[in-house]
Each structure stands twice: as C-alpha cells, then as structure tokens.
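Peer 1: This structure is in structure tokens; I'll ask about it shortly.
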Amino acid sequence: MATSSRVENDSAPNILPTAKRRSRAWRRFTKNKLSLIGAVFVVIVVLTAIFAREVAPYNPLQANFLETYQGPTWQHLLGTDSLGRDMLSRIIYSLRNACIVGFGAEIVELTIGLMLGATAGYLGGFADTILMRVVDVVYGFPTFLFAIILVVMMGHTILAILVAVSATSWVGMARIVRSQVMQVRQSPYIESARAMGASTWQTVIRYVLPNSMGPVLVAVTFGIPANMMIEAALSVVGLGIQPPTPDLGELILVGQSAVLSYSYLLIWPALLFALTLLSFSFVGDGLRNVFDTKSDR
Amino acid sequence: MALVEIHNLRVRFETDEATIYAVNGIDLMVEPGQSIGIVGESGSGKSVSVTSIPRLLPRTARVEGSVYFNGKDMMRATASELQAIRGHQIGMIFQNPHAYLNPTRTIGKQLMEPLLFHHLAGVKRARAMGMEMLDRVGIVNPKARFDNYPFEFSGGMLQRVLIAMALITGPKLVIADEPTTALDVTVQAQILRLLKEMQRELGMSMIFVTHDLAVASQVSDVIYVMYGGIVVERLPAKQLIRVHRHPYLSGLLASLPRVDEPVGRLPFIPGLPVNTRQPLSGCPFYARCQWHLDQCQSAPPLTLVERDHEAACWLADERRVANGQPS
C-alpha cells in the first residue's frame with residue numbers, strides 16, 4: 001500500500017553522510033580563525049600539563065646555586081630563577097595545577113548546575129522558588145572568604161582549592177541551565193515526548209537537556225579560565241599551592257618582585273597565563289558561533 | 001462499548017490576567033474503528049478537547065466532566081497510568097512536524113522511542129520495526145534515512161515520520177491535531193490518504209481535528225462541528241453538504257471558495273468569534289446569527305433532528321429548517 005502514496009522521491013542526493021553533517025559545525029567554528037588558533041593553543045596547554053613529566057627538561061624543584069638568575073640560554077631556554085631552577089620546567093609543571101583546578105572545578109560546577117538548574121527549570125513552581133533562593137544565597141557569598149576558610153580548615157591541598165573554587169561558582173551555571181530549560185520546556189517536541197509516554201526523567205534527559213546545551217557549553221569555556229584565574233589569585237594571596245610546587249600565580253608573584261632586574265621571570269609566566277585565558281575566550285566565541293543559528297541566516 | 005466517551009467536558013485556563021473558557025461542555029463518542037472529524041475555527045476549543053483525552057493539557061488547565069478511554073476513567077487515572085496509555089494506546093499526531101520533533105535526536109531514535117518507553121521491544125527489534133514503519137509511511141530508502149536528523153527532511157516527510165511514530169505501537173486510538181495544516185495541498189492529499197489507509201489497515205479509531213470542512217468530510221465517518229467551546233452540530237460526514245442544520249455550519253459552507261464558479265465576492269460570517277474570557281451563556285453563535293430569536297439567550301441543547309444527526313439550534317428543532325435557513 002505504501003507505494004500508492006510514495007511520491008516524494010528523493011533518494012540519494014539528499015542524504016548527507018554523517019561526516020559531512022559534522023563539518024557544518026566545524027565550518028562555523030573555524031570561520032573565526034582566532035577560535036581555531038585558540039583551540040589549538042588550549043589543546044597544547046592541556047597536553048603539556050598532562051605530559052609535564054615527559055616534556056619538562058628539568059626537575060622543577062631542583063635548585064642549582066651555580067646557575068641562579070640566568071637569562072635565556074640553550075641549557076635553560078627561559079632562564080633560571082633565584083634558586084637556579086629551570087623556568088621552562090616550572091612553567092610547564094605550573095600548568096598542571098591550573099588545568100586540574102580549571103577543568104576539575106568546571107566539572108563539579110557543571111554537575112551541580114545541571115542537576116539544580118534542570119530540576120528548578122523543569123519542575124518550576126515551589127521547587128524552583130526554593131532552589132533559586134539557595135542559589136541567591138550562595139551567589140551572595142564571597143568566593144575568597146570561603147576559600148580562606150576552606151584552606152585554613154583543610155590545609156593547602158589541591159583538593160581544598162578545588163572545593164573552594166567550585167563551591168561558589170556553580171551558581172552561574174545553575175542559572176544558565178535553569179533559564180535554558182525553562183525555554184526548552186515550552187517547545188512542542190516536549191509535548192510530543194509526553195504524548196509518546198515518556199516519563200519526566202526520560203523527557204529531561206533525552207529531550208530537554210540536549211536542547212539546552214548550547215549556551216551551557218559556551219559558559220563552560222568561559223568558566224574554565226575563570227577558575228584558573230581564581231586559582232592563580234589564591235596563590236598570589238598565599239592561599240594556593242604551597243611554594244615549592246610551581247604555580248602560575250606564584251611564578252607571577254615572584255616575577256613581579258624581580259621585574260626591574262630580571263624581567264623575564266615575570267614576562268614568561270604572565271604571557272603564558274594571558275594567552276591561555278585568551279585562547280579559552282576565543283574557543284568560547286567560536287562555540288557561540290556554532291550554536292547561534294540566528295546570526296548566519 | 002465505545003472506545004472514547006466524553007461527557008460534559010469543560011476546560012478553562014486560569015491565568016493571572018484572565019480565565020479562558022475554552023471548552024464549555026461537550027459530549028463525544030468514538031466507537032472502535034470509527035473515524036471522527038472535529039471541525040471548527042481557531043479558538044473553538046477543538047484542540048483543547050482532544051488533548052484532554054490523554055490529559056496532556058498544561059498545568060493551568062482546569063478540566064471538569066468525565067473522559068473515559070477504553071473503559072478507563074482518565075480523570076482519575078494516576079500519572080503513571082496515563083504515561084502507560086500515552087503513546088501506547090493513544091497516538092498523537094501534531095500540526096507542525098518541524099516543531100514537534102526533537103532537533104537533537106535522529107529520526108530513527110525518536111521513532112523507536114514509543115516502543116522503548118513502553119518496553120514493547122528491545123533496541124534491535126525496535127530498530128527493525130522502525131525501519132519497517134518508515135517504509136510503510138512511504139519514506140524512500142528507510143535504511144539511509146533512519147540516522148538522519150529532522151532538519152534533513154522536508155515538511156511532508158516529517159509529517160510521515162510523525163504518523164509513523166504515532167502508529168508504531170499499534171494504538172487503539174490516534175488523535176490527529178490538524179496534521180496537514182502546515183503542508184501544501186498536494187502533500188496534504190498524500191498525507192490524508194496515507195492516514196486513512198493506515199487507520200483502516202490497523203483498525204484503529206481516529207479523531208481528526210481540522211478547520212477544513214472538505215478535509216474532515218474526506219477522512220471521517222462522523223463530523224462534530226464546534227463553535228465557542230461547544231458542539232453545535234453532529235452529523236454523518238456524507239450528509240455534510242446536503243442536510244446541515246446549524247446556521248454556523250451553513251455559513252461556513254457558504255464561505256468556501258469554489259473554483260468552478262465565476263469569481264465573485266466571497267460570503268463570510270459577519271461579526272467576531274466568541275469572547276472566551278467570559279463564561280458562555282446562551283447560544284454562542286447568537287451575536288453573529290442572522291436568524292437569532294429571543295429564545296437564543298438560553299443555550300439550545302443538542303437535539304436529535306434525524307437519525308445520527310444532532311444540532312444545537314432552536315430553529316433546527318422547532319421549524320423544519322433546510323440547510324440552516326428557516327423555510
């Protein structure tokens with residue numbers, strides 16, 4: 001019987017292979033060359049952090065009093081610091097903390113934000129009011145005060161810093177998720193899902209959240225550098241990783257005290273930090289282009 | 001026993017600004033295997049009436065009256081009971097296929113979902129059934145199409161997919177809420193034929209909502225004409241043109257443009273649709289009816305004027321009225 005009403009004959013040419021479909025997003029992302037450069041830089045930074053042990057030419061903690069304050073040489077490409085430690089190795093190792101806190105805190109943020117935001121946004125009403133008041137309270141809580149308390153209580157461990165950074169920053173994510181979910185909830189395909197007999201859980205997981213992800217992903221790419229910033233700032237005020245372990249914040253702090261005599265101690269870590277943060281921003285801009293379908297029609 | 005029995009259904013929407021009286025007491029029956037057409041203009045309460053069968057109305061809706069589906073009291077059913085019925089025994093086909101499909105999931109995944117939600121098949125079996133269903137609704141090359149996304153389909157094909165989704169579980173009732181309104185005329189004809197074929201083949205009941213009288217008379221056995229949230233006339237589809245009684249229906253029929261007659265001024269029904277912000281009192285068509293009587297201030301009941309034919313008009317009952325005009 002189907003043949004009787006089979007009129008729309010569009011066989012081969014309409015069917016895009018999966019690879020071609022992906023390239024649509026990729027093309028939009030790379031339309032802005034800066035976001036492509038940013039993405040490459042981010043990947044390099046992350047790989048360097050992961051393989052720090054293999055990449056770094058020296059042990060970053062190894063002091064050598066015969067080679068203090070060396071300018072860039074072939075042995076020490078970025079020079080050495082006041083204790084003769086290799087700057088390049090120290091910078092490479094310092095990326096580890098930045099990445100652990102940057103990505104780790106973002107994962108925590110995303111998890112809490114998705115759970116609370118989706119619950120509040122989808123259920124609405126009383127649940128929404130309660131959860132959003134909690135968010136308001138946490139939003140009003142100063143990040144640094146919280147960090148000080150945590151570090152004093154838990155000691156200068158990476159875990160304490162991770163908790164301190166993520167504890168207050170999830171509220172922004174929760175708000176974004178909530179607003180997205182509230183918008184998506186109104187969509188006809190949600191009604192369609194309910195008409196198919198989907199449970200609330202199935203509706204949220206398969207229909208609401210995937211359609212809310214665009215702005216959330218963009219927020220993630222801006223959240224990661226923000227977390228790195230807080231981590232570095234904590235170590236500048238002495239609440240971060242304890243000194244012998246290299247940390248970008250600490251490197252910059254030390255560098256700026258010696259800036260007049262040995263300016264390279266400040267320039268390299270500061271430049272790397274700035275470039276990393278900038279790259280994340282560019283990636284975020286690129287992703288925004290991918291998800292913002294209005295701008296190219 | 002009738003598959004669907006609706007008695008004195010009333011729906012109103014309570015918002016902060018106003019209360020909307022969408023449905024003001026309708027009775028509706030669908031026998032197994034029967035096809036019902038509900039016709040009415042925008043805001044006449046036709047969509048609201050049918051979406052209250054699977055209880056899919058938004059939370060602001062206040063529903064009164066009784067709705068029985070397959071002997072089950074839908075007004076008293078729990079959320080999980082309703083969930084088990086939706087998509088399994090009642091299939092819904094919506095108006096705008098682009099909007100009613102999840103843009104982030106492939107056609108195939110969405111098509112399988114009713115089977116998976118109701119544990120009617122495993123993933124492998126569901127996939128096979130999905131492909132078969134795509135083929136049956138006339139999608140060419142279902143294997144390649146299965147993993148496409150909705151944006152890669154045309155409107156007519158998406159509507160076919162929606163039909164496949166609604167029918168894949170073999171429901172007892174399919175509710176089609178203006179399924180062809182968003183499509184152009186040639187595609188509309190294909191879709192209507194497909195729906196009708198599938199309905200006959202699977203022996204389902206169908207409720208077909210439309211504002212198009214011609215479409216309704218093509219696909220249904222019985223037509224309910226709605227106006228102002230009530231049913232003003234119920235008649236067999238075959239009689240639609242010949243023996244309609246309610247002045248509203250005759251006004252509607254008169255205002256259909258015809259291609260086989262010289263072009264002239266198209267007649268229309270003067271006045272505005274009913275204000276749904278007030279509770280209904282009297283005949284909803286009173287203000288626009290050219291034959292209204294003082295009597296019409298009180299609502300005329302739906303009375304039998306001949307076999308299988310009811311009309312809610314004082315004139316239809318008292319005098320012998322031919323096609324809505326007093327003789």
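All residue names refer to the structure tokens as shown: chains lettered A, B, ... in order, residues numbered from 1 in each chain, ligands numbered from 1 in order.
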What residues in chain B lie within 8 Å of chain A, counting only C-alpha atoms, written as number ranges by chain?
Peer 2: B: 54, 56, 82-88, 91-92, 94, 99-104, 113-114, 117-118, 135-141, 144-145, 148, 152, 157, 166, 190-191, 193-194, 197
Peer 1: Write the residues you've just listed into a file as a tab-separated table (two decimals), in the first residue's frame, and include N, CA and C atoms for each of them.
Peer 2:
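Writing done, so here's selection35.tsv:
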```tsv
chain	number	residue	atom	x	y	z
B	54	PRO	N	-5.83	12.27	26.38
B	54	PRO	CA	-4.68	11.70	27.08
B	54	PRO	C	-4.19	12.59	28.23
B	56	LEU	N	-3.11	15.75	28.32
B	56	LEU	CA	-1.84	16.41	28.00
B	56	LEU	C	-1.91	17.92	28.12
B	82	LEU	N	-1.49	7.17	33.18
B	82	LEU	CA	-1.61	7.99	31.97
B	82	LEU	C	-0.40	7.78	31.07
B	83	GLN	N	0.78	7.77	31.71
B	83	GLN	CA	2.01	7.60	30.96
B	83	GLN	C	2.01	6.27	30.20
B	84	ALA	N	1.42	5.25	30.82
B	84	ALA	CA	1.37	3.93	30.17
B	84	ALA	C	0.42	3.94	28.97
B	85	ILE	N	-0.59	4.80	29.03
B	85	ILE	CA	-1.57	4.85	27.93
B	85	ILE	C	-1.05	5.70	26.78
B	86	ARG	N	-0.46	6.86	27.13
B	86	ARG	CA	0.04	7.76	26.10
B	86	ARG	C	1.11	7.09	25.26
B	87	GLY	N	0.97	7.22	23.97
B	87	GLY	CA	1.99	6.69	23.09
B	87	GLY	C	1.90	5.19	22.89
B	88	HIS	N	1.14	4.51	23.75
B	88	HIS	CA	0.96	3.08	23.58
B	88	HIS	C	-0.43	2.79	23.01
B	91	GLY	N	-2.12	7.37	20.17
B	91	GLY	CA	-1.05	8.03	19.42
B	91	GLY	C	-1.48	9.44	19.06
B	92	MET	N	-0.53	10.36	19.15
B	92	MET	CA	-0.85	11.75	18.81
B	92	MET	C	-0.05	12.18	17.57
B	94	PHE	N	0.79	15.71	15.55
B	94	PHE	CA	0.62	17.14	15.75
B	94	PHE	C	0.67	17.91	14.45
B	99	ALA	N	8.35	21.46	14.44
B	99	ALA	CA	8.46	21.84	15.84
B	99	ALA	C	8.25	20.66	16.78
B	100	TYR	N	7.55	19.64	16.31
B	100	TYR	CA	7.21	18.56	17.22
B	100	TYR	C	8.20	17.41	17.21
B	101	LEU	N	9.31	17.57	16.49
B	101	LEU	CA	10.37	16.57	16.56
B	101	LEU	C	11.58	17.19	17.25
B	102	ASN	N	12.23	16.38	18.06
B	102	ASN	CA	13.40	16.84	18.79
B	102	ASN	C	14.56	17.05	17.82
B	103	PRO	N	15.03	18.30	17.65
B	103	PRO	CA	16.06	18.56	16.65
B	103	PRO	C	17.40	17.89	16.95
B	104	THR	N	17.63	17.47	18.18
B	104	THR	CA	18.94	16.92	18.53
B	104	THR	C	18.98	15.39	18.48
B	113	GLU	N	11.36	5.41	20.03
B	113	GLU	CA	11.13	5.74	21.43
B	113	GLU	C	9.80	5.24	22.03
B	114	PRO	N	8.68	5.37	21.31
B	114	PRO	CA	7.45	4.84	21.91
B	114	PRO	C	7.57	3.36	22.26
B	117	PHE	N	9.94	3.25	25.38
B	117	PHE	CA	9.30	3.79	26.60
B	117	PHE	C	8.34	2.78	27.20
B	118	HIS	N	7.64	2.06	26.35
B	118	HIS	CA	6.63	1.14	26.87
B	118	HIS	C	7.12	-0.30	26.93
B	135	ASP	N	9.15	2.60	6.03
B	135	ASP	CA	8.83	2.13	4.69
B	135	ASP	C	7.32	2.18	4.45
B	136	ARG	N	6.58	1.80	5.46
B	136	ARG	CA	5.12	1.78	5.29
B	136	ARG	C	4.52	3.16	5.13
B	137	VAL	N	5.13	4.16	5.78
B	137	VAL	CA	4.57	5.50	5.58
B	137	VAL	C	5.16	6.16	4.34
B	138	GLY	N	5.92	5.41	3.57
B	138	GLY	CA	6.34	5.91	2.27
B	138	GLY	C	7.62	6.71	2.26
B	139	ILE	N	8.52	6.45	3.19
B	139	ILE	CA	9.83	7.09	3.14
B	139	ILE	C	10.74	6.20	2.29
B	140	VAL	N	11.28	6.80	1.26
B	140	VAL	CA	12.15	6.04	0.37
B	140	VAL	C	13.49	5.79	1.07
B	141	ASN	N	14.03	4.62	0.90
B	141	ASN	CA	15.33	4.27	1.46
B	141	ASN	C	15.39	4.45	2.97
B	144	ALA	N	18.84	4.34	4.99
B	144	ALA	CA	19.73	5.50	4.98
B	144	ALA	C	19.10	6.66	5.76
B	145	ARG	N	17.79	6.72	5.74
B	145	ARG	CA	17.09	7.83	6.38
B	145	ARG	C	17.02	7.71	7.89
B	148	ASN	N	19.19	10.00	9.91
B	148	ASN	CA	19.16	11.44	9.58
B	148	ASN	C	18.56	12.23	10.73
B	152	GLU	N	17.03	17.44	8.06
B	152	GLU	CA	17.37	16.92	6.74
B	152	GLU	C	16.14	16.40	5.99
B	157	MET	N	7.69	14.87	4.59
B	157	MET	CA	8.32	13.64	5.08
B	157	MET	C	8.32	13.59	6.59
B	166	ALA	N	3.40	7.81	15.76
B	166	ALA	CA	2.13	7.65	16.46
B	166	ALA	C	1.58	6.25	16.29
B	190	GLN	N	-1.64	13.53	-0.08
B	190	GLN	CA	-0.90	12.28	0.16
B	190	GLN	C	-1.01	11.85	1.61
B	191	ILE	N	-0.80	12.82	2.49
B	191	ILE	CA	-0.80	12.51	3.92
B	191	ILE	C	-2.17	12.00	4.36
B	193	ARG	N	-4.42	10.54	2.54
B	193	ARG	CA	-4.66	9.20	2.03
B	193	ARG	C	-3.90	8.18	2.86
B	194	LEU	N	-2.66	8.52	3.17
B	194	LEU	CA	-1.84	7.63	3.99
B	194	LEU	C	-2.50	7.35	5.34
B	197	GLU	N	-5.54	5.17	4.98
B	197	GLU	CA	-5.14	3.80	4.69
B	197	GLU	C	-4.66	3.08	5.94
```
Peer 1: Neighbours of Asn8 of chain B within 7 Å (only C-alpha atoms; same-chain residues fewer than 4 positions away dropped), as an MDAnalysis selection string?
Peer 2: chainID B and resid 25:27 65:66
Peer 1: Tell me which protein, DNA and RNA residues are within 7 Å of Glu31 of chain B, counting only C-alpha atoms, leaving out same-chain ones fewer than 3 positions away, and put them as a ChimeraX atom specification.
Peer 2: /B:2-4,34
Peer 1: For Phe146 of chain B, which residue among B:Leu158, B:Ala176, B:Leu111, B:Gln89 is the nearest when counting only C-alpha atoms?
Peer 2: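 Selected residue with least distance to Phe146 of chain B: B:Leu111.
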Peer 1: Which residues are near Leu248 of chain A? Cut-off 7 Å, only C-alpha atoms, ignore same chain within fewer than 2 positions. Put them as a VMD selection string.
Peer 2: chain A and resid 91 94 232 246 250 to 252 269
Peer 1: Please measure the separation of atom CA of Gly284 of chain A and atom CA of Ala98 of chain A, giving the value in Å to one decimal.
Peer 2: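 These two atoms are separated by 18.2 Å.
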Peer 1: Please measure the separation of atom CA of Cys313 of chain B and atom CA of Tyr21 of chain B, giving the value in Å to one decimal.
Peer 2: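 About the pair atom CA of Cys313 of chain B and atom CA of Tyr21 of chain B: they are 20.8 Å apart.
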Peer 1: Out of A:Leu88, A:Leu95, A:Ala56, A:Leu217, which residue has the shortest atom-to-atom distance to Gly71 of chain A when counting only C-alpha atoms?
Peer 2: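 Under the stated criterion, the closest residue is A:Leu88.
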Peer 1: Can you pull out the residues contacting Leu195 of chain B? Cut-off 12 Å, using only C-alpha atoms, and skip same-chain residues under 4 positions away; I want them as a compact mmCIF listing (two decimals) with C-alpha atoms, in the first residue's frame.
Peer 2:
```txt
# COMPACT_ATOMS: atom_id res chain seq x y z
CA MET A 1 0.00 0.00 0.00
CA ALA A 2 2.82 2.35 0.78
CA SER A 5 1.34 7.37 -1.59
CA SER B 35 -13.15 7.97 12.44
CA ILE B 93 -0.03 13.44 15.52
CA ARG B 136 5.12 1.78 5.29
CA VAL B 137 4.57 5.50 5.58
CA GLY B 138 6.34 5.91 2.27
CA GLN B 159 4.73 14.53 8.88
CA ARG B 160 5.06 10.95 7.64
CA VAL B 161 7.59 10.33 10.38
CA LEU B 162 5.21 11.76 12.98
CA ILE B 163 2.50 9.44 11.68
CA ALA B 164 4.91 6.51 11.88
CA ALA B 166 2.13 7.65 16.46
CA LEU B 167 1.26 4.34 14.87
CA VAL B 174 -4.92 8.02 17.03
CA ILE B 175 -5.52 11.71 17.59
CA ALA B 176 -4.54 13.83 14.64
CA PRO B 179 -1.86 17.17 10.78
CA THR B 180 -1.99 18.75 7.35
CA GLN B 188 -1.78 17.25 2.20
CA ALA B 189 -3.65 14.89 -0.10
CA GLN B 190 -0.90 12.28 0.16
CA ILE B 191 -0.80 12.51 3.92
CA GLN B 199 -6.28 3.69 10.00
CA ARG B 200 -8.29 1.14 8.01
CA GLU B 201 -5.44 -1.30 7.84
CA LEU B 202 -4.69 -1.24 11.56
CA GLY B 203 -8.36 -0.98 12.52
CA MET B 204 -7.79 1.98 14.80
CA SER B 205 -10.17 4.70 15.79
CA MET B 206 -9.20 8.17 14.74
CA ILE B 207 -10.05 11.64 15.91
CA PHE B 208 -9.17 14.12 13.23
CA VAL B 215 -10.66 17.51 4.65
CA GLN B 218 -12.89 13.08 3.36
CA VAL B 219 -11.33 11.26 6.28
CA SER B 220 -14.11 10.85 8.82
```
Peer 1: Could you name the residues that touch segment 270-272 of chain A at 10 Å or less, counting only C-alpha atoms, but leaving out those on the same chain fewer than 4 positions away, as a PyMOL selection string?
Peer 2: chain A and resi 45+91-92+95+248-249+251-253+255-256+264-266+276-278
Peer 1: If you measure from atom CA of Pro244 of chain A to atom CA of Phe65 of chain A, what distance in Å do you get, rounded to one decimal?
Peer 2: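 These two atoms are separated by 15.7 Å.
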Peer 1: Under the rule that only C-alpha atoms are counted, which of B:Gly228, B:Leu213, B:Asp221, B:Pro58 is the nearest residue to Val274 of chain B?
Peer 2: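 Of B:Gly228, B:Leu213, B:Asp221, B:Pro58, the one nearest Val274 of chain B is B:Gly228, counting only C-alpha atoms.
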Peer 1: I'd like to know which of B:Phe285, B:Tyr227, B:Tyr149, B:Tyr248 is closest to Gln110 of chain B, using only C-alpha atoms.
Peer 2: B:Tyr149
Peer 1: For His309 of chain B, list every protein, DNA or RNA residue within 7 Å, evaluated using only C-alpha atoms, and leave out those in the same chain fewer than 6 positions away; present the list as number ranges by chain.
Peer 2: B: 234-236
Peer 1: Which of these, A:Met182, A:Thr203, A:Ala219, A:Ala147, has the shortest distance to Ala233 of chain A once you count only C-alpha atoms?
Peer 2: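 Between A:Met182, A:Thr203, A:Ala219, A:Ala147, the residue approaching Ala233 of chain A most closely is A:Ala147.
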Peer 1: Find, counting only C-alpha atoms, the residue in A:Gly214, A:Pro72, A:Gly113, A:Pro225 that gets nearest to Leu275 of chain A.
Peer 2: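 Counting only C-alpha atoms, the residue closest to Leu275 of chain A is A:Pro225.
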Peer 1: Which parts of segment 243-282 of chain B does DSSP call alpha helix (DSSP H) when run on the backbone here, written out as a list in words?
Peer 2: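 Of segment 243-282 of chain B, only Pro247, Tyr248, Leu249, Ser250, Gly251, Leu252, Leu253 and Ala254 of chain B fall in alpha helix (DSSP H).
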